[in-house]
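Asker: Let me give you the structure first, and then I'll get to my questions.
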Amino acid sequence: MSARKPERAPDFIREMVAADVAAGKNEGFVATRFPPEPNGFLHIGHSTAICLDFGIAEEYAGTCNLRFDDTNPTTEDERYARAIEEDIGWLGFRWNGPPRYASDYFEQLYRHALQLIRDGKAYVDSSSEEEIREGRGTVTEPGTPGPHRERGIEESVELFERMRAGEFEDGAHVLRARIDLAAPNMKMRDPLLYRIRHAAHWRTGDAWPIYPMYEWAHPLSDAIEGITHSLCTLEFLPNRELYDWVVDNTRPGIEAGEPGSWSPRPRQTEFARLNVDYMVMSKRKLAELVREGRASGEQGIHGWDDPRMPTLSGLRRRGVTPESIRHFCDLVGIAKADKRVDIGKLEHAVRDDLNRRAARRMCVLRPLEIEIENYPEGKTEWLPAPDFPVDVGRRGSREIPFSRRILIERGDFEEDPPADFRRLAPGREVRLKYAYLVTCREVVREPETGRIRRLRCTYDPATRGGSAPDGRPVSGTIHWVSADHGLPCEARLYDRLFTVPNPEEDADFHEHLNPGALVVVPDACIEPSVAGDGSGTHYQFERLGYFVRDRDTGEGGRPVFNRTVELKDPWTRSQLRAEARAEEPAEVPGGSAPPGERAPQVVGEDTGRRDRDGIRRRVPELDERFRSYVSELGLPEEDADLLTGDLAVAGFFDAALAEGGSPRAVANWVVNELLRELKGRSIDDLRFGGPELGRLVGLVEEGDISGRMAKDVFRRMVDKGGDPEEIVRSRGLEQINDPEEIGDLVDRAVEAHPDQTARYREGQTGLLGFFVGQVMRATGGKANPEVVGRLLRERLK
RNA sequence: UGGCCCGUAGUGUAACUGGCAACACGCUUGGCUCUGGACCAAGAGAUUCCAGGUUCGAACCCUGGCGGGCCAACCA
């Protein structure tokens, strides 16, 4: 039994939070929030976000708010909010204080908006929806200002106040931020902040004829609540720039008009959403299934909590436990790459949990009667059966009745069994679990159809409890129920809702609905011990799978059991695989691509080079330098090209070169190291200039410091500025070149790692890097790696 | 098509920030077993998307390409 908390490498968000706390940001306090819109039920895709938001708050003794993002009155409803609360609580999380609502902040949000207008950063636009869309431009073309963009502050204030007073029709005006209509990020092209909507809100009723957009309400709500880390999914990444804009252009003290800024200042971080094979995760599509299900009757989805649904309420009714969902989220992790997780992973998490907690019971789904000829008519024995197998290590047992007529699973008998069949067959003896060994003597058929009606068997009275005194081998153990005592019940066998791994890929996901996602077995039979159990009780039906008692009852009030997940069953799967193989025609040799051969990749045009060529055509000075770098300095064209894409970089290079280094080395440094630093910033923001870099290159070329040390020095110049010689001197970074001194270090490294030494000598020469790393680390990077490598090769021979 | 994000065994996530490509699921084989479950052991499976470059050394840094995703709602 492994501990419940597996050691898991922290994800990038936890690393970030840990760093923030360590750096003392917000006095080390962590406040997160989970912000669902109450317009549908939570599904398993949300569980990663829930586990992350609430989990991080727990780990840092911080808080996590539950905030309903209820800014769109036409789609939202109270019943969704309540269902969301129930699901989060069921998962085992508790939110900080009462649930929050964006609608609680409507008044504040409104006042902040007025302030924004007064600051000249927002305006009322009276254009039509279509005009606004057109004015925004496209992803390739900038937008164009509409006629109201320069509307005066007073006029905008007045219009906005009248919007709030309800004087205008829906769509007559909107409030927009004045940012940048030419911004490459479409979200920054004067986003809408408020729209007029004469609709009753489920919480605020008719109090508001205008409603804030997500773009306005969300960052402000975070700021108002003092959220430190605002975590959301990847599709909001373009929103971050706007999120920051809103937070930076508003301030807590509205009336006073004092400058001030939000503290804590919330930061948005995005992670990839969770997708699971054979499921759909879009609330719209799930709502569609619920709506259509109501219309289509019996076979249709019965509601948000239909056990075929990926909703938390559906999974709950299916018998999935909150612990398994949380464990599943741990297994999946948090990262930034889009993911589609194997449904088998969820099933594993479910089995792993249920194996420990679900008591074993016996239930026969498709009964076949056996009559035990030598067992007295009318006799009943109550045989003890443990609730758990020994390996689970839990106590508890019940008694199950045994009689002359027993029901077994139809699939557990085979007249002409395959070689490795470990169940009942004519003349064979098997064990009825916890009862007796029985032998099949005769097959009784329906006279008309030839179908097997029942089996005649005999039992060995000496095997009571299931073990033979003589220790003879048995061909298998099967489950059973006494025909005279068993309880009729209904079993609902669930399977994946869709037949393809990614149903959302195609235009109409309905085509891939799995008609076999629910198979109802109305006439199953179960041992009587379960009669008094309540709905929600988990079981493992021996050899079948995990089941949970449903709240429904079947025909005549019989209990209903939902199959949560089947047991792993290599035998059935290998049978199915064999069948599939038999049906599929043998592969034609040479029909498909030969293994190991890869389709050649088409290499496209170098657009970066083309762009820089364009710049050089327009700036003769750069073009001149490009040509002289190639012809006079002997640089490769590729380097010369990168150095002459803009004047500042070329100038930096020239200044560095003037310090006397070789053109090739200086170019390498500029291209490989400087360009990285220039990614998020301009060359003017650098804390050092070309001459400093040139001197650094000089130190390397003179052999004063190693290339590796030079990178450390460079790092320091980036962070704090400074002169390379000075840094080297003050920190004692001079390179160790002395072979004798290095030889000692090499000896020590070899002696300290006998395992690796042996493996190296066996041919794992890739370990050389490991040894070099050891020596480099021991010297703080000061050893000359070339010398280290040479000596190591000699020593390890 | 412009901008941004992302490419590591079949799947998901790591790799001490440039030094032995690891863990989990799945798969195969064996052991054990009164569940063809669980458990235990072993194994297969990777051109770290591709091509150049920097470096003693690249999954990691630079350049380019390829592929996937997101963004032009008065939705969130």
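Identifiers in the structure tokens: chain A, B, ... in order shown; residue index from 1 per chain; ligand index from 1 in order shown.
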Using only C-alpha atoms (C1' of nucleotides), find the residues of chain A whose closest atom to chain B is at most 6 Å away, then write them as a ChimeraX atom specification.

Answerer: /A:138-140,184,195,235,332,337,342,345,542-543,571,603-604,606,672,767,769-770,773,785-786

Asker: I want to know what sits within 9 Å of B:A21, based on only C-alpha atoms (C1' of nucleotides), with residues of the same chain fewer than 6 positions away left out; could you give that as a list in words?

Answerer: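 The contact residues come out as U8, A15, A46, U48 and A59 of chain B.
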
Asker: Take the selection from the previous step and output its residues with all heavy atoms, as a short mmCIF file (atom, residue, chain, number, x, y, z; two decimals), in the first residue's frame.

Answerer:
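That gives us again_17.cif:
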```cif
data_model
loop_
_atom_site.label_atom_id
_atom_site.label_comp_id
_atom_site.auth_asym_id
_atom_site.auth_seq_id
_atom_site.Cartn_x
_atom_site.Cartn_y
_atom_site.Cartn_z
P U B 8 6.53 16.87 -27.19
OP1 U B 8 6.01 15.71 -27.96
OP2 U B 8 5.82 17.37 -26.00
"O5'" U B 8 8.03 16.57 -26.77
"C5'" U B 8 8.92 15.95 -27.68
"C4'" U B 8 9.94 15.14 -26.97
"O4'" U B 8 10.53 15.91 -25.89
"C3'" U B 8 9.42 13.90 -26.26
"O3'" U B 8 9.26 12.82 -27.16
"C2'" U B 8 10.53 13.63 -25.25
"O2'" U B 8 11.66 13.09 -25.88
"C1'" U B 8 10.86 15.06 -24.81
N1 U B 8 10.10 15.48 -23.62
C2 U B 8 10.52 15.01 -22.39
O2 U B 8 11.47 14.28 -22.26
N3 U B 8 9.78 15.44 -21.32
C4 U B 8 8.68 16.26 -21.36
O4 U B 8 8.12 16.57 -20.31
C5 U B 8 8.30 16.72 -22.66
C6 U B 8 9.01 16.31 -23.72
P A B 15 12.15 19.96 -14.42
OP1 A B 15 12.33 20.81 -13.24
OP2 A B 15 11.76 20.56 -15.72
"O5'" A B 15 13.47 19.10 -14.67
"C5'" A B 15 14.07 18.40 -13.59
"C4'" A B 15 15.22 17.57 -14.12
"O4'" A B 15 14.68 16.56 -15.01
"C3'" A B 15 16.21 18.33 -14.99
"O3'" A B 15 17.19 18.99 -14.20
"C2'" A B 15 16.80 17.22 -15.85
"O2'" A B 15 17.77 16.48 -15.14
"C1'" A B 15 15.58 16.34 -16.09
N9 A B 15 14.88 16.67 -17.34
C8 A B 15 13.77 17.47 -17.51
N7 A B 15 13.37 17.57 -18.75
C5 A B 15 14.27 16.78 -19.46
C6 A B 15 14.40 16.47 -20.82
N6 A B 15 13.58 16.93 -21.76
N1 A B 15 15.41 15.66 -21.19
C2 A B 15 16.25 15.20 -20.25
N3 A B 15 16.23 15.42 -18.93
C4 A B 15 15.21 16.22 -18.60
P A B 46 12.40 3.20 -29.68
OP1 A B 46 12.16 3.55 -31.09
OP2 A B 46 13.59 2.43 -29.27
"O5'" A B 46 12.36 4.53 -28.79
"C5'" A B 46 11.36 5.52 -29.09
"C4'" A B 46 12.06 6.88 -29.10
"O4'" A B 46 12.15 7.31 -27.74
"C3'" A B 46 13.48 6.79 -29.64
"O3'" A B 46 13.60 7.07 -31.00
"C2'" A B 46 14.35 7.60 -28.66
"O2'" A B 46 14.91 8.73 -29.23
"C1'" A B 46 13.37 8.03 -27.57
N9 A B 46 13.89 7.84 -26.21
C8 A B 46 15.00 7.16 -25.80
N7 A B 46 15.21 7.20 -24.52
C5 A B 46 14.15 7.97 -24.03
C6 A B 46 13.80 8.39 -22.75
N6 A B 46 14.51 8.08 -21.66
N1 A B 46 12.69 9.14 -22.61
C2 A B 46 12.00 9.45 -23.70
N3 A B 46 12.23 9.11 -24.97
C4 A B 46 13.33 8.36 -25.07
P U B 48 17.09 12.38 -30.05
OP1 U B 48 17.76 13.69 -30.21
OP2 U B 48 17.54 11.43 -29.04
"O5'" U B 48 15.54 12.64 -29.81
"C5'" U B 48 14.95 13.83 -30.31
"C4'" U B 48 13.93 14.35 -29.32
"O4'" U B 48 14.27 13.92 -27.98
"C3'" U B 48 13.87 15.87 -29.25
"O3'" U B 48 12.52 16.24 -29.02
"C2'" U B 48 14.73 16.19 -28.04
"O2'" U B 48 14.39 17.41 -27.45
"C1'" U B 48 14.37 15.03 -27.13
N1 U B 48 15.40 14.77 -26.11
C2 U B 48 15.14 15.21 -24.83
O2 U B 48 14.11 15.79 -24.52
N3 U B 48 16.12 14.95 -23.93
C4 U B 48 17.30 14.30 -24.17
O4 U B 48 18.09 14.13 -23.26
C5 U B 48 17.50 13.88 -25.53
C6 U B 48 16.55 14.12 -26.43
P A B 59 21.25 16.96 -25.94
OP1 A B 59 21.77 16.60 -24.61
OP2 A B 59 21.58 16.13 -27.11
"O5'" A B 59 19.66 17.06 -25.87
"C5'" A B 59 18.93 17.45 -27.03
"C4'" A B 59 17.65 18.11 -26.63
"O4'" A B 59 17.10 17.39 -25.51
"C3'" A B 59 17.80 19.54 -26.13
"O3'" A B 59 17.75 20.46 -27.19
"C2'" A B 59 16.62 19.70 -25.19
"O2'" A B 59 15.44 19.99 -25.93
"C1'" A B 59 16.49 18.29 -24.61
N9 A B 59 17.14 18.17 -23.30
C8 A B 59 18.25 17.42 -22.98
N7 A B 59 18.59 17.48 -21.72
C5 A B 59 17.62 18.32 -21.17
C6 A B 59 17.43 18.79 -19.87
N6 A B 59 18.20 18.46 -18.83
N1 A B 59 16.38 19.62 -19.65
C2 A B 59 15.60 19.94 -20.69
N3 A B 59 15.68 19.55 -21.96
C4 A B 59 16.73 18.74 -22.13
#
```

Asker: Can you pull out every residue within 12 Å of A:Gly554, counting only C-alpha atoms (C1' of nucleotides), but drop anything in the same chain fewer than 6 positions away, and send it as a list in words?

Answerer: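 Counting only C-alpha atoms (C1' of nucleotides), the residues come to Pro488, Cys489, Glu490, Ala491, Arg492, Val520, Val521, Pro522, Asp523, Ala524, Val560, Phe561 and Asn562 of chain A.
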
Asker: Enumerate the residues of stretch 567-697 of chain A with a DSSP assignment of helix (DSSP H, G or I), computed from the backbone, and present them as an mmCIF file with C-alpha atoms, in the first residue's frame.

Answerer:
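The result, written out as out_29.cif:
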```cif
data_model
loop_
_atom_site.group_PDB
_atom_site.id
_atom_site.type_symbol
_atom_site.label_atom_id
_atom_site.label_comp_id
_atom_site.auth_asym_id
_atom_site.auth_seq_id
_atom_site.Cartn_x
_atom_site.Cartn_y
_atom_site.Cartn_z
ATOM 1 C CA PRO A 570 -5.994 -9.096 -19.844
ATOM 2 C CA TRP A 571 -7.726 -12.340 -20.795
ATOM 3 C CA THR A 572 -10.785 -10.795 -22.430
ATOM 4 C CA ARG A 573 -8.612 -8.213 -24.094
ATOM 5 C CA SER A 574 -6.278 -10.797 -25.543
ATOM 6 C CA GLN A 575 -9.351 -12.691 -26.849
ATOM 7 C CA LEU A 576 -10.658 -9.534 -28.490
ATOM 8 C CA ARG A 577 -7.270 -8.811 -29.984
ATOM 9 C CA ALA A 578 -7.103 -12.302 -31.443
ATOM 10 C CA GLU A 579 -10.538 -11.819 -33.001
ATOM 11 C CA ALA A 580 -9.535 -8.503 -34.492
ATOM 12 C CA ARG A 581 -6.405 -10.057 -35.927
ATOM 13 C CA ALA A 582 -8.420 -12.842 -37.518
ATOM 14 C CA GLU A 583 -10.747 -10.372 -39.198
ATOM 15 C CA THR A 607 11.709 34.527 -43.992
ATOM 16 C CA GLY A 608 13.871 36.046 -41.277
ATOM 17 C CA ARG A 609 16.667 36.536 -43.750
ATOM 18 C CA ARG A 610 14.248 37.930 -46.293
ATOM 19 C CA ASP A 611 12.945 40.501 -43.796
ATOM 20 C CA ARG A 612 16.440 41.649 -42.920
ATOM 21 C CA ASP A 613 17.348 41.825 -46.595
ATOM 22 C CA GLY A 614 14.406 44.184 -46.962
ATOM 23 C CA ILE A 615 15.679 46.369 -44.164
ATOM 24 C CA ARG A 616 19.155 46.484 -45.704
ATOM 25 C CA ARG A 617 17.729 47.529 -49.027
ATOM 26 C CA ARG A 618 16.125 50.464 -47.309
ATOM 27 C CA PRO A 620 22.247 51.492 -47.284
ATOM 28 C CA GLU A 621 24.444 51.864 -44.224
ATOM 29 C CA LEU A 622 23.438 48.412 -43.017
ATOM 30 C CA ASP A 623 23.854 46.918 -46.431
ATOM 31 C CA GLU A 624 27.364 48.315 -46.623
ATOM 32 C CA ARG A 625 28.263 46.820 -43.295
ATOM 33 C CA PHE A 626 26.786 43.464 -44.245
ATOM 34 C CA ARG A 627 29.059 43.307 -47.242
ATOM 35 C CA SER A 628 32.134 44.468 -45.386
ATOM 36 C CA TYR A 629 31.534 41.982 -42.548
ATOM 37 C CA VAL A 630 31.563 39.207 -45.100
ATOM 38 C CA SER A 631 34.388 40.359 -47.335
ATOM 39 C CA GLU A 637 26.870 35.328 -44.265
ATOM 40 C CA GLU A 638 24.509 34.003 -41.653
ATOM 41 C CA ASP A 639 26.294 35.891 -38.873
ATOM 42 C CA ALA A 640 26.701 39.032 -40.941
ATOM 43 C CA ASP A 641 23.006 38.860 -41.725
ATOM 44 C CA LEU A 642 21.999 38.684 -38.066
ATOM 45 C CA LEU A 643 24.357 41.495 -37.102
ATOM 46 C CA LEU A 647 21.572 49.646 -36.630
ATOM 47 C CA ALA A 648 21.802 49.351 -32.885
ATOM 48 C CA VAL A 649 23.008 45.738 -33.017
ATOM 49 C CA ALA A 650 25.520 46.527 -35.762
ATOM 50 C CA GLY A 651 26.790 49.487 -33.767
ATOM 51 C CA PHE A 652 27.098 47.337 -30.661
ATOM 52 C CA PHE A 653 29.109 44.804 -32.617
ATOM 53 C CA ASP A 654 31.431 47.450 -34.029
ATOM 54 C CA ALA A 655 32.060 48.886 -30.595
ATOM 55 C CA ALA A 656 32.816 45.439 -29.209
ATOM 56 C CA LEU A 657 35.117 44.632 -32.089
ATOM 57 C CA PRO A 663 35.721 39.225 -35.539
ATOM 58 C CA ARG A 664 34.513 35.649 -35.451
ATOM 59 C CA ALA A 665 34.568 35.390 -31.663
ATOM 60 C CA VAL A 666 32.932 38.759 -31.124
ATOM 61 C CA ALA A 667 30.264 37.919 -33.672
ATOM 62 C CA ASN A 668 29.540 34.622 -31.925
ATOM 63 C CA TRP A 669 29.040 36.389 -28.645
ATOM 64 C CA VAL A 670 26.780 39.004 -30.091
ATOM 65 C CA VAL A 671 24.718 36.519 -32.067
ATOM 66 C CA ASN A 672 24.444 33.797 -29.464
ATOM 67 C CA GLU A 673 24.385 35.625 -26.163
ATOM 68 C CA LEU A 674 23.402 39.202 -26.788
ATOM 69 C CA LEU A 675 20.482 38.390 -29.056
ATOM 70 C CA ARG A 676 18.901 36.345 -26.289
ATOM 71 C CA GLU A 677 18.995 39.306 -23.923
ATOM 72 C CA ILE A 683 19.524 47.488 -26.560
ATOM 73 C CA ASP A 684 19.451 50.819 -24.733
ATOM 74 C CA ASP A 685 18.157 49.146 -21.578
ATOM 75 C CA GLY A 690 29.787 47.071 -26.818
ATOM 76 C CA PRO A 691 33.209 47.853 -25.335
ATOM 77 C CA GLU A 692 32.470 45.802 -22.205
ATOM 78 C CA LEU A 693 31.410 42.826 -24.272
ATOM 79 C CA GLY A 694 34.517 43.266 -26.438
ATOM 80 C CA ARG A 695 36.768 43.190 -23.378
ATOM 81 C CA LEU A 696 34.990 40.092 -22.112
ATOM 82 C CA VAL A 697 35.692 38.343 -25.400
#
```

Asker: Residues of stretch 328-572 of chain A in strand (DSSP E) according to DSSP, as JSON, numbers by chain?

Answerer: {"A": [359, 360, 361, 363, 364, 367, 368, 369, 370, 371, 372, 381, 382, 383, 384, 385, 386, 397, 398, 399, 400, 401, 402, 405, 406, 407, 408, 409, 429, 430, 431, 432, 437, 438, 439, 440, 441, 442, 443, 444, 445, 452, 453, 454, 455, 456, 457, 458, 459, 477, 478, 480, 481, 482, 487, 488, 489, 490, 491, 492, 493, 494, 518, 519, 520, 521, 522, 523, 524, 525, 526, 538, 539, 540, 541, 545, 546, 547, 548, 549, 550, 551, 552, 553, 559, 560, 561, 562, 563, 564, 565, 566]}

Asker: So, counting only C-alpha atoms, which residue among A:Ala435, A:Leu544, A:Ala217, A:Thr449 is closest to A:Val364?

Answerer: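 Of the candidates, the smallest distance to A:Val364 is held by A:Leu544.
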